[in-house]
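Participant: So that you have it, the file is model.txt, and it contains compact mmCIF, C-alpha atoms and all ligand atoms:
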# COMPACT_ATOMS: atom_id res chain seq x y z
CA MET A 76 -11.14 29.15 1.04
CA LEU A 77 -12.24 29.55 -2.53
CA ASP A 78 -15.66 28.54 -3.58
CA THR A 79 -15.06 25.85 -6.16
CA PRO A 80 -17.31 23.78 -8.36
CA ARG A 81 -17.74 20.23 -7.16
CA VAL A 82 -16.38 17.39 -9.23
CA PRO A 83 -17.08 13.71 -8.88
CA ALA A 84 -14.36 11.61 -7.27
CA PRO A 85 -12.15 10.32 -8.62
CA SER A 86 -11.47 13.14 -11.01
CA SER A 87 -8.51 12.33 -13.13
CA ASP A 88 -8.67 13.14 -16.82
CA PRO A 89 -7.22 15.12 -18.36
CA LEU A 90 -4.40 16.52 -16.26
CA PRO A 91 -5.30 20.18 -15.80
CA LYS A 92 -2.72 22.90 -15.95
CA PRO A 93 -1.32 23.79 -12.54
CA GLY A 94 -3.75 25.96 -10.63
CA ALA A 95 -6.65 25.05 -12.85
CA ASN A 96 -9.65 23.27 -11.49
CA ALA A 97 -9.53 19.52 -11.73
CA ALA A 98 -12.85 19.12 -13.43
CA GLY A 99 -12.23 17.82 -16.93
CA PRO A 100 -14.26 15.97 -19.51
CA ALA A 101 -14.92 12.36 -18.58
CA ASP A 102 -12.79 9.79 -20.37
CA GLU A 103 -14.78 8.28 -23.23
CA GLY A 104 -12.86 5.00 -22.91
CA ALA A 105 -14.97 2.02 -22.02
CA LEU A 106 -13.39 1.57 -18.61
CA ASP A 107 -15.96 0.36 -16.14
CA PRO A 108 -16.36 3.23 -13.62
CA GLU A 109 -16.74 0.62 -10.88
CA ALA A 110 -13.19 -0.62 -11.65
CA MET A 111 -11.85 2.90 -10.93
CA ARG A 112 -13.43 2.78 -7.47
CA GLN A 113 -11.72 -0.53 -6.63
CA PRO A 114 -8.10 -1.07 -5.65
CA LEU A 115 -5.95 -2.28 -8.55
CA PRO A 116 -6.82 -5.97 -8.79
CA ASN A 117 -3.52 -7.17 -10.27
CA ALA A 118 -0.86 -5.80 -7.91
CA TRP A 119 1.29 -6.76 -4.96
CA TYR A 120 0.00 -5.78 -1.54
CA CYS A 121 1.81 -5.89 1.79
CA VAL A 122 0.23 -8.52 4.07
CA GLY A 123 2.52 -8.33 7.08
CA ARG A 124 6.06 -8.73 8.30
CA ALA A 125 8.15 -11.60 6.97
CA GLU A 126 9.39 -12.40 10.49
CA ASP A 127 5.80 -12.89 11.71
CA LEU A 128 5.38 -15.76 9.25
CA ARG A 129 6.89 -18.70 11.11
CA ALA A 130 7.37 -22.22 9.78
CA GLY A 131 4.42 -24.44 10.61
CA LYS A 132 2.14 -21.53 11.62
CA LEU A 133 -0.85 -20.21 9.70
CA ARG A 134 -2.15 -16.63 9.52
CA SER A 135 -5.38 -15.42 7.99
CA VAL A 136 -5.38 -11.95 6.43
CA PRO A 137 -8.18 -10.04 4.69
CA LEU A 138 -7.04 -8.82 1.28
CA ASN A 139 -9.20 -6.95 -1.22
CA GLY A 140 -12.40 -8.56 0.03
CA GLU A 141 -10.88 -12.06 0.11
CA LEU A 142 -9.52 -13.99 3.09
CA ILE A 143 -6.07 -15.43 2.55
CA VAL A 144 -4.25 -18.04 4.63
CA LEU A 145 -0.52 -17.44 4.77
CA GLY A 146 2.08 -19.92 5.87
CA ARG A 147 5.70 -20.89 5.60
CA GLU A 148 6.82 -24.36 4.56
CA THR A 149 9.54 -26.19 6.46
CA SER A 150 11.84 -25.24 3.56
CA GLY A 151 11.25 -21.56 4.45
CA ALA A 152 9.16 -20.80 1.34
CA PRO A 153 6.02 -18.74 1.99
CA PHE A 154 2.67 -19.65 0.45
CA ALA A 155 -0.74 -17.96 0.18
CA LEU A 156 -4.03 -19.78 -0.38
CA ARG A 157 -7.65 -18.73 -0.29
CA ASP A 158 -8.71 -19.25 3.33
CA ARG A 159 -11.64 -21.42 2.37
CA CYS A 160 -11.95 -25.16 2.20
CA PRO A 161 -13.74 -26.09 -1.04
CA HIS A 162 -15.74 -28.79 0.79
CA ARG A 163 -17.96 -26.62 3.05
CA GLY A 164 -16.16 -23.27 3.12
CA MET A 165 -14.32 -23.82 6.41
CA ALA A 166 -11.40 -21.50 7.23
CA LEU A 167 -8.26 -23.54 6.54
CA SER A 168 -6.29 -21.17 8.78
CA LEU A 169 -8.10 -22.74 11.76
CA GLY A 170 -6.78 -26.16 10.84
CA ARG A 171 -3.40 -27.82 11.31
CA PHE A 172 -0.30 -27.28 9.22
CA ASP A 173 2.62 -29.65 9.55
CA GLY A 174 5.02 -27.60 7.41
CA ASP A 175 3.97 -29.53 4.32
CA ALA A 176 0.17 -29.87 4.16
CA LEU A 177 -2.88 -28.17 5.69
CA THR A 178 -5.63 -30.19 7.34
CA CYS A 179 -9.13 -28.73 7.36
CA PRO A 180 -10.57 -28.85 10.91
CA PHE A 181 -14.09 -29.71 9.68
CA HIS A 182 -13.74 -33.13 7.94
CA GLY A 183 -9.99 -33.52 7.76
CA TRP A 184 -9.39 -32.96 4.05
CA ARG A 185 -5.72 -32.38 3.43
CA PHE A 186 -4.24 -29.86 0.97
CA GLY A 187 -0.67 -29.31 -0.19
CA THR A 188 0.71 -25.76 -0.11
CA ASP A 189 0.16 -25.79 -3.90
CA GLY A 190 -3.56 -25.89 -3.09
CA ARG A 191 -4.14 -29.45 -4.38
CA CYS A 192 -6.25 -31.84 -2.33
CA ARG A 193 -4.08 -34.75 -1.21
CA GLU A 194 -6.35 -36.73 0.98
CA VAL A 195 -10.01 -37.13 1.91
CA PRO A 196 -9.71 -39.31 5.01
CA THR A 197 -13.40 -40.17 5.18
CA LEU A 198 -13.35 -41.90 1.78
CA SER A 199 -13.77 -45.65 1.85
CA ALA A 200 -11.56 -47.74 -0.42
CA ALA A 201 -14.79 -48.69 -2.16
CA ASP A 202 -15.43 -45.04 -3.05
CA ALA A 203 -14.07 -44.36 -6.53
CA ALA A 204 -14.25 -40.52 -6.18
CA ASP A 205 -11.14 -38.73 -7.50
CA PHE A 206 -10.18 -35.88 -5.19
CA SER A 207 -7.03 -34.83 -7.06
CA LYS A 208 -9.05 -32.29 -9.10
CA ILE A 209 -10.15 -30.42 -5.97
CA VAL A 210 -8.00 -27.33 -5.49
CA VAL A 211 -7.83 -24.29 -3.24
CA GLN A 212 -6.97 -21.04 -5.07
CA ARG A 213 -3.28 -20.26 -4.70
CA PHE A 214 -1.94 -16.68 -4.88
CA PRO A 215 1.56 -15.50 -5.81
CA VAL A 216 3.59 -14.47 -2.78
CA VAL A 217 7.05 -12.86 -2.45
CA GLU A 218 9.16 -11.41 0.36
CA SER A 219 10.87 -8.05 0.06
CA ALA A 220 12.05 -5.26 2.38
CA GLY A 221 11.15 -7.43 5.38
CA PHE A 222 7.52 -7.86 4.33
CA VAL A 223 5.34 -10.48 2.68
CA TRP A 224 3.56 -9.40 -0.50
CA VAL A 225 0.58 -11.13 -2.10
CA ASN A 226 -1.06 -10.49 -5.46
CA PRO A 227 -4.78 -11.30 -5.06
CA TRP A 228 -5.36 -11.30 -8.84
CA LEU A 229 -7.64 -14.11 -10.04
CA GLY A 230 -7.36 -13.45 -13.79
CA ALA A 231 -4.90 -14.86 -16.29
CA PRO A 232 -1.31 -14.75 -15.04
CA GLY A 233 1.56 -13.15 -16.91
CA ALA A 234 0.51 -9.50 -17.02
CA GLU A 235 3.08 -6.90 -15.98
CA THR A 236 2.64 -5.45 -12.46
CA PRO A 237 4.43 -2.71 -10.48
CA GLU A 238 7.51 -4.09 -8.71
CA VAL A 239 7.41 -4.79 -4.98
CA PRO A 240 9.42 -2.25 -2.97
CA ALA A 241 13.04 -3.20 -2.25
CA LEU A 242 15.34 -1.56 0.27
CA GLY A 243 18.64 -1.02 -1.55
CA PHE A 244 20.85 -1.11 1.55
CA GLU A 245 21.57 -3.43 4.47
CA PRO A 246 19.53 -2.16 7.43
CA ARG A 247 21.02 -2.15 10.93
CA GLY A 248 17.61 -1.67 12.45
CA SER A 249 13.95 -1.12 11.60
CA LEU A 250 10.74 -0.01 13.19
CA VAL A 251 7.31 -1.01 11.93
CA VAL A 252 3.91 0.33 12.90
CA ALA A 253 0.68 -0.78 11.21
CA LEU A 254 -2.80 0.63 11.73
CA GLU A 255 -6.16 -0.28 10.28
CA VAL A 256 -8.07 2.66 8.84
CA GLU A 257 -11.83 2.55 8.34
CA ALA A 258 -11.63 4.24 4.96
CA SER A 259 -11.48 3.22 1.32
CA PHE A 260 -8.21 2.26 -0.32
CA ASP A 261 -8.28 5.34 -2.59
CA LEU A 262 -8.88 7.84 0.20
CA THR A 263 -6.14 6.26 2.32
CA THR A 264 -3.70 6.09 -0.59
CA LEU A 265 -4.31 9.76 -1.45
CA SER A 266 -2.92 10.66 1.99
CA LEU A 267 0.44 9.25 0.82
CA VAL A 268 0.69 11.81 -1.99
CA ASP A 269 -1.07 14.76 -0.40
CA PRO A 270 1.29 17.53 0.74
CA GLY A 271 -1.59 19.76 1.79
CA HIS A 272 -2.61 17.86 4.91
CA VAL A 273 0.82 17.70 6.54
CA ALA A 274 0.75 21.14 8.18
CA PHE A 275 -2.74 20.61 9.56
CA VAL A 276 -2.77 16.93 10.50
CA HIS A 277 0.86 16.22 11.39
CA ASP A 278 1.43 19.29 13.51
CA SER A 279 3.28 17.58 16.39
CA TRP A 280 6.18 19.61 17.82
CA TRP A 281 8.71 16.89 16.97
CA PHE A 282 7.73 16.77 13.30
CA ARG A 283 6.78 20.36 12.52
CA PRO A 284 8.30 22.73 15.07
CA SER A 285 7.14 25.74 13.06
CA LYS A 286 3.44 26.45 12.62
CA GLU A 287 4.01 28.78 9.69
CA LEU A 288 3.03 27.78 6.15
CA LYS A 289 5.94 28.19 3.75
CA GLU A 290 6.06 28.19 -0.02
CA LYS A 291 7.38 24.87 -1.39
CA VAL A 292 8.74 24.28 -4.87
CA LYS A 293 9.46 20.68 -5.84
CA ARG A 294 10.28 18.88 -9.05
CA PHE A 295 8.36 15.76 -9.90
CA ALA A 296 9.30 13.21 -12.54
CA PRO A 297 7.63 10.05 -13.78
CA VAL A 298 9.07 6.67 -12.74
CA PRO A 299 7.71 3.21 -13.62
CA TYR A 300 4.10 3.08 -12.34
CA GLY A 301 4.45 6.32 -10.39
CA PHE A 302 6.32 9.54 -9.83
CA VAL A 303 9.20 10.76 -7.75
CA MET A 304 9.88 14.04 -6.01
CA THR A 305 13.46 14.36 -7.15
CA SER A 306 16.30 14.31 -4.68
CA HIS A 307 17.07 17.69 -3.16
CA ALA A 308 18.80 19.22 -0.18
CA THR A 309 16.02 19.48 2.33
CA THR A 310 15.40 22.78 4.04
CA THR A 311 13.34 21.28 6.80
CA SER A 312 14.28 22.08 10.36
CA SER A 313 12.70 18.85 11.59
CA PRO A 314 14.67 17.36 14.51
CA VAL A 315 14.24 13.94 12.85
CA TYR A 316 16.41 15.09 9.94
CA ARG A 317 18.84 16.83 12.28
CA LEU A 318 19.62 13.46 13.86
CA LEU A 319 21.34 12.44 10.65
CA GLY A 320 23.84 15.27 10.82
CA GLY A 321 24.51 17.47 7.82
CA VAL A 322 21.95 18.25 5.18
CA PRO A 323 20.42 15.02 3.88
CA GLU A 324 19.17 14.33 0.38
CA VAL A 325 15.55 13.25 0.34
CA GLU A 326 13.75 11.41 -2.44
CA ILE A 327 10.10 10.50 -2.24
CA GLU A 328 8.61 8.05 -4.71
CA PHE A 329 4.98 7.09 -5.10
CA ARG A 330 4.23 3.90 -6.96
CA LEU A 331 1.05 1.98 -7.71
CA PRO A 332 -0.87 0.40 -6.13
CA GLY A 333 -0.36 2.38 -2.87
CA VAL A 334 3.33 2.60 -2.03
CA ARG A 335 5.28 5.62 -0.77
CA LEU A 336 9.05 5.26 -0.56
CA GLU A 337 10.97 8.02 1.19
CA ARG A 338 14.73 7.62 1.00
CA ILE A 339 17.01 9.84 3.04
CA THR A 340 20.74 9.83 2.35
CA ALA A 341 23.49 11.68 4.25
CA GLY A 342 26.87 10.40 3.07
CA GLU A 343 26.99 6.69 3.93
CA LYS A 344 24.05 7.08 6.28
CA ARG A 345 20.74 5.85 5.03
CA VAL A 346 17.24 6.06 6.40
CA ALA A 347 14.22 4.78 4.50
CA ASN A 348 10.66 5.54 5.48
CA TYR A 349 8.29 3.28 3.56
CA THR A 350 4.50 3.39 3.73
CA PHE A 351 2.20 0.80 2.20
CA ALA A 352 -1.59 0.84 1.84
CA THR A 353 -3.29 -2.56 1.72
CA PRO A 354 -6.97 -2.95 0.86
CA MET A 355 -8.55 -5.31 3.41
CA THR A 356 -12.25 -4.82 2.65
CA PRO A 357 -13.98 -2.07 0.61
CA ASN A 358 -14.02 0.23 3.65
CA ARG A 359 -10.98 -0.93 5.62
CA THR A 360 -7.38 -0.26 4.64
CA LEU A 361 -4.21 -1.30 6.40
CA LEU A 362 -1.57 1.41 6.62
CA THR A 363 1.91 0.05 7.30
CA ASN A 364 4.84 2.32 8.05
CA ALA A 365 8.38 0.93 8.12
CA LEU A 366 11.44 2.91 9.06
CA TYR A 367 14.83 1.34 8.25
CA TRP A 368 18.32 2.67 8.95
CA ASN A 369 21.94 1.63 8.64
CA ILE A 370 23.13 3.81 11.53
CA PRO A 371 23.82 1.63 14.62
CA GLY A 372 23.22 4.48 17.10
CA LEU A 373 19.63 4.91 15.96
CA ASN A 374 18.64 1.58 17.53
CA LEU A 375 18.79 3.30 20.93
CA LEU A 376 16.01 5.64 19.84
CA LYS A 377 13.53 2.85 19.08
CA PRO A 378 11.60 3.13 22.38
CA VAL A 379 11.15 6.85 21.74
CA ALA A 380 10.52 6.61 18.01
CA ARG A 381 7.84 3.91 18.16
CA PRO A 382 5.17 5.98 19.99
CA LEU A 383 5.97 8.98 17.77
CA MET A 384 5.50 6.91 14.63
CA ARG A 385 2.25 5.53 16.02
CA GLN A 386 1.09 9.06 16.82
CA PHE A 387 1.89 10.15 13.26
CA LEU A 388 -0.05 7.25 11.74
CA THR A 389 -2.95 7.73 14.16
CA GLN A 390 -3.23 11.35 12.99
CA ASP A 391 -3.79 10.06 9.45
CA GLN A 392 -6.13 7.32 10.66
CA GLN A 393 -8.38 9.71 12.58
CA VAL A 394 -8.69 12.32 9.85
CA LEU A 395 -9.24 9.69 7.14
CA GLN A 396 -12.01 8.00 9.11
CA HIS A 397 -13.86 11.28 9.56
CA ALA A 398 -13.36 12.21 5.88
CA GLN A 399 -14.67 8.78 4.83
CA LYS A 400 -17.93 9.49 6.68
CA GLY A 401 -18.31 12.70 4.65
CA LEU A 402 -17.59 10.82 1.41
CA ASP A 403 -20.10 8.13 2.41
CA ARG A 404 -22.78 10.82 2.57
CA LYS A 405 -21.69 12.35 -0.75
CA PRO A 406 -18.93 10.65 -2.76
CA THR A 407 -17.39 13.70 -4.44
CA MET A 408 -14.07 15.50 -3.98
CA VAL A 409 -12.79 18.82 -5.22
CA LEU A 410 -9.18 18.34 -6.29
CA PHE A 411 -7.87 21.86 -6.44
CA GLY A 412 -4.58 23.62 -7.01
CA GLN A 413 -1.06 22.30 -7.54
CA GLY A 414 -1.01 20.67 -4.12
CA ASP A 415 -3.76 18.35 -5.32
CA LEU A 416 -2.04 17.44 -8.61
CA PRO A 417 -0.30 14.38 -7.12
CA SER A 418 -3.75 13.16 -6.05
CA GLN A 419 -4.93 13.56 -9.62
CA TRP A 420 -1.83 11.79 -10.86
CA TYR A 421 -2.72 8.83 -8.65
CA PHE A 422 -6.05 8.47 -10.44
CA ARG A 423 -4.39 8.91 -13.86
CA LEU A 424 -1.84 6.20 -13.10
CA LYS A 425 -4.53 3.85 -11.86
CA ARG A 426 -6.72 4.51 -14.88
CA GLU A 427 -3.80 3.83 -17.23
CA ALA A 428 -2.96 0.58 -15.38
CA LEU A 429 -6.56 -0.61 -15.73
CA GLN A 430 -6.76 0.48 -19.35
CA ALA A 431 -3.42 -1.14 -20.27
CA ALA A 432 -4.55 -4.41 -18.64
CA ARG A 433 -7.86 -4.27 -20.47
CA ASP A 434 -6.15 -3.57 -23.82
CA ARG A 435 -3.41 -6.18 -23.11
CA ARG A 436 -0.64 -3.68 -23.76
CA PRO A 437 2.27 -2.44 -21.63
CA PHE A 438 1.63 0.31 -19.10
CA ALA A 439 2.63 3.75 -20.46
CA ASN A 440 3.16 6.31 -17.73
CA PRO A 441 0.91 9.29 -18.65
CA LEU A 442 2.78 11.78 -16.43
CA GLU A 443 5.40 14.33 -17.44
CA GLU A 444 8.15 16.01 -15.50
CA GLN A 445 6.76 19.04 -13.72
CA GLU A 446 7.50 21.57 -11.01
CA LEU A 447 4.82 22.06 -8.38
CA ARG A 448 4.36 24.91 -5.92
CA TRP A 449 2.24 24.87 -2.80
CA ARG A 450 2.31 26.14 0.75
CA SER A 451 2.77 23.81 3.69
S1 LIG B 1 -15.17 -28.16 5.21
FE1 LIG B 1 -13.12 -28.68 4.97
S2 LIG B 1 -13.11 -30.81 5.05
FE2 LIG B 1 -15.18 -30.29 5.18
FE FE B 2 -0.32 11.88 6.63
Take the structure in the file and give it back as structure tokens.
Facilitator:
Amino acid sequence: MLDTPRVPAPSSDPLPKPGANAAGPADEGALDPEAMRQPLPNAWYCVGRAEDLRAGKLRSVPLNGELIVLGRETSGAPFALRDRCPHRGMALSLGRFDGDALTCPFHGWRFGTDGRCREVPTLSAADAADFSKIVVQRFPVVESAGFVWVNPWLGAPGAETPEVPALGFEPRGSLVVALEVEASFDLTTLSLVDPGHVAFVHDSWWFRPSKELKEKVKRFAPVPYGFVMTSHATTTSSPVYRLLGGVPEVEIEFRLPGVRLERITAGEKRVANYTFATPMTPNRTLLTNALYWNIPGLNLLKPVARPLMRQFLTQDQQVLQHAQKGLDRKPTMVLFGQGDLPSQWYFRLKREALQAARDRRPFANPLEEQELRWRS
């Protein structure tokens, strides 16, 4: 291993030439360094499976340091509110929901799914207090690719955000595994774009039958809010790919805030492997992996595939948690070599998103098409 100078994390500007050290001059822009350490505030985050959100039921999820109560109206529409009654701070998720309004379990205040207070049952008719101005913060919520997505942004609405992931084909089956990782959002998200760890962390026989490191050459191109490893005929000997028959085309896209979309195509056959990072608290990140396919036969493999997918995600979880402890003692990283360029790109994209929001201008992807070489 080369002895390299240490650079503060995140190191992102400017993009060094391939092979060069990542340390560059700090950006003179007035971006608050604290903002760079936080997850993107104005973005969609995956908060669970759409099918787990049942009409009349409430779920509380931590999201970016906030607690959010999720529910589904009788009409089928999802909603997301701050899980906090304005009266005394009670968790609304512990109250009742009749498909139309939530009732706080502490003093019975009732709120519509738009967050507006509808009723304060303890008020006497003689009490002239107007409760219609009392509101619970409401967050935008959408459903896509079988998941529920919430934007926890509290600022002015209307700014452009990265699109939520869509699937692009009709799945015949899917498999979802989610794990909580005791690590920051950035560290966890870097694992989605880091080719260097695969050979060392994901060394299971079923994923990497060969222990040898091989030279890889891949083309990367910018896409809205991210970059894509352009479609290519894969050379991997992985048995997972062999299941598809023939040589599949693989395309891997990374997109802000923490979304990795791997699309595998072999003729009409499609498999998508999507991974989403969700910031729960400053040191806890949810990693969700969803595998979708349109090949009926693959459903039979679900009992086998589930523990393998869990093993794969647990490998990331364990290594990330140990690395986080090292970063807690000294918060610096050395981003080194072409294999670490995607990690630097992540920080560049995030910086640009923050800067564009601050300057109230459209996001301009700072990346250029590039070929990267590394061994894995
Ligand atoms: S805390 Fe919710 S009604 Fe009092
Ligand atoms: Fe990984």
Participant: Please report, as JSON lines, each residue of chain A lying at most 8 Å from ligand FE 2 (chain B), together with the nearest pair of atoms and the separation in Å rounded to one decimal; use only C-alpha atoms and all ligand atoms, and order rows by chain and ascending residue number.
Facilitator:
{"residue": "A:Ser266", "atom": "CA", "partner": "B:FE2", "partner_atom": "FE", "distance": 5.5}
{"residue": "A:Leu267", "atom": "CA", "partner": "B:FE2", "partner_atom": "FE", "distance": 6.4}
{"residue": "A:Asp269", "atom": "CA", "partner": "B:FE2", "partner_atom": "FE", "distance": 7.6}
{"residue": "A:His272", "atom": "CA", "partner": "B:FE2", "partner_atom": "FE", "distance": 6.6}
{"residue": "A:Val273", "atom": "CA", "partner": "B:FE2", "partner_atom": "FE", "distance": 5.9}
{"residue": "A:Val276", "atom": "CA", "partner": "B:FE2", "partner_atom": "FE", "distance": 6.8}
{"residue": "A:His277", "atom": "CA", "partner": "B:FE2", "partner_atom": "FE", "distance": 6.5}
{"residue": "A:Phe387", "atom": "CA", "partner": "B:FE2", "partner_atom": "FE", "distance": 7.2}
{"residue": "A:Leu388", "atom": "CA", "partner": "B:FE2", "partner_atom": "FE", "distance": 6.9}
{"residue": "A:Gln390", "atom": "CA", "partner": "B:FE2", "partner_atom": "FE", "distance": 7.0}
{"residue": "A:Asp391", "atom": "CA", "partner": "B:FE2", "partner_atom": "FE", "distance": 4.8}
Participant: Write out as a list in words each polymer residue (protein, DNA or RNA) that has an atom no more than 7 Å from ligand LIG 1 (chain B), with all atoms listed in the file counted.
Facilitator: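 Residues lying within 7 Å of ligand LIG 1 (chain B): Cys160, Pro161, His162, Arg163, Gly164, Met165, Cys179, Pro180, Phe181, His182, Gly183 and Trp184 of chain A.
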Participant: Just checking: using only C-alpha atoms, which residue out of A:Arg283, A:Cys192, A:Asp434, A:Thr350 ends up closest to A:Ile209?
Facilitator: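 Going through A:Arg283, A:Cys192, A:Asp434, A:Thr350 one by one, the smallest distance to A:Ile209 is for A:Cys192.
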Participant: Env of stretch 235-246 of chain A: 9 Å cut, atoms = all atoms listed in the file, seq-sep filter 4 positions within chain, self excluded. Answer as an MDAnalysis selection string.
Facilitator: chainID A and resid 117:121 217:221 224 299:300 330:332 334 336 345:347 349 367:370 428 432 437:438
Participant: Compare A:Ala274, A:Ala380, A:Leu429, A:Ala201 by their minimum atom-to-atom distance to A:Pro116, counting all atoms listed in the file, and give me the closest one.
Facilitator: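 So, comparing all the options, the nearest one is A:Leu429.
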Participant: Could you state the separation of atom CA of A:Thr356 and atom CA of A:Gly140 in Å, given to one decimal place?
Facilitator: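 Those two atoms sit 4.6 Å apart.
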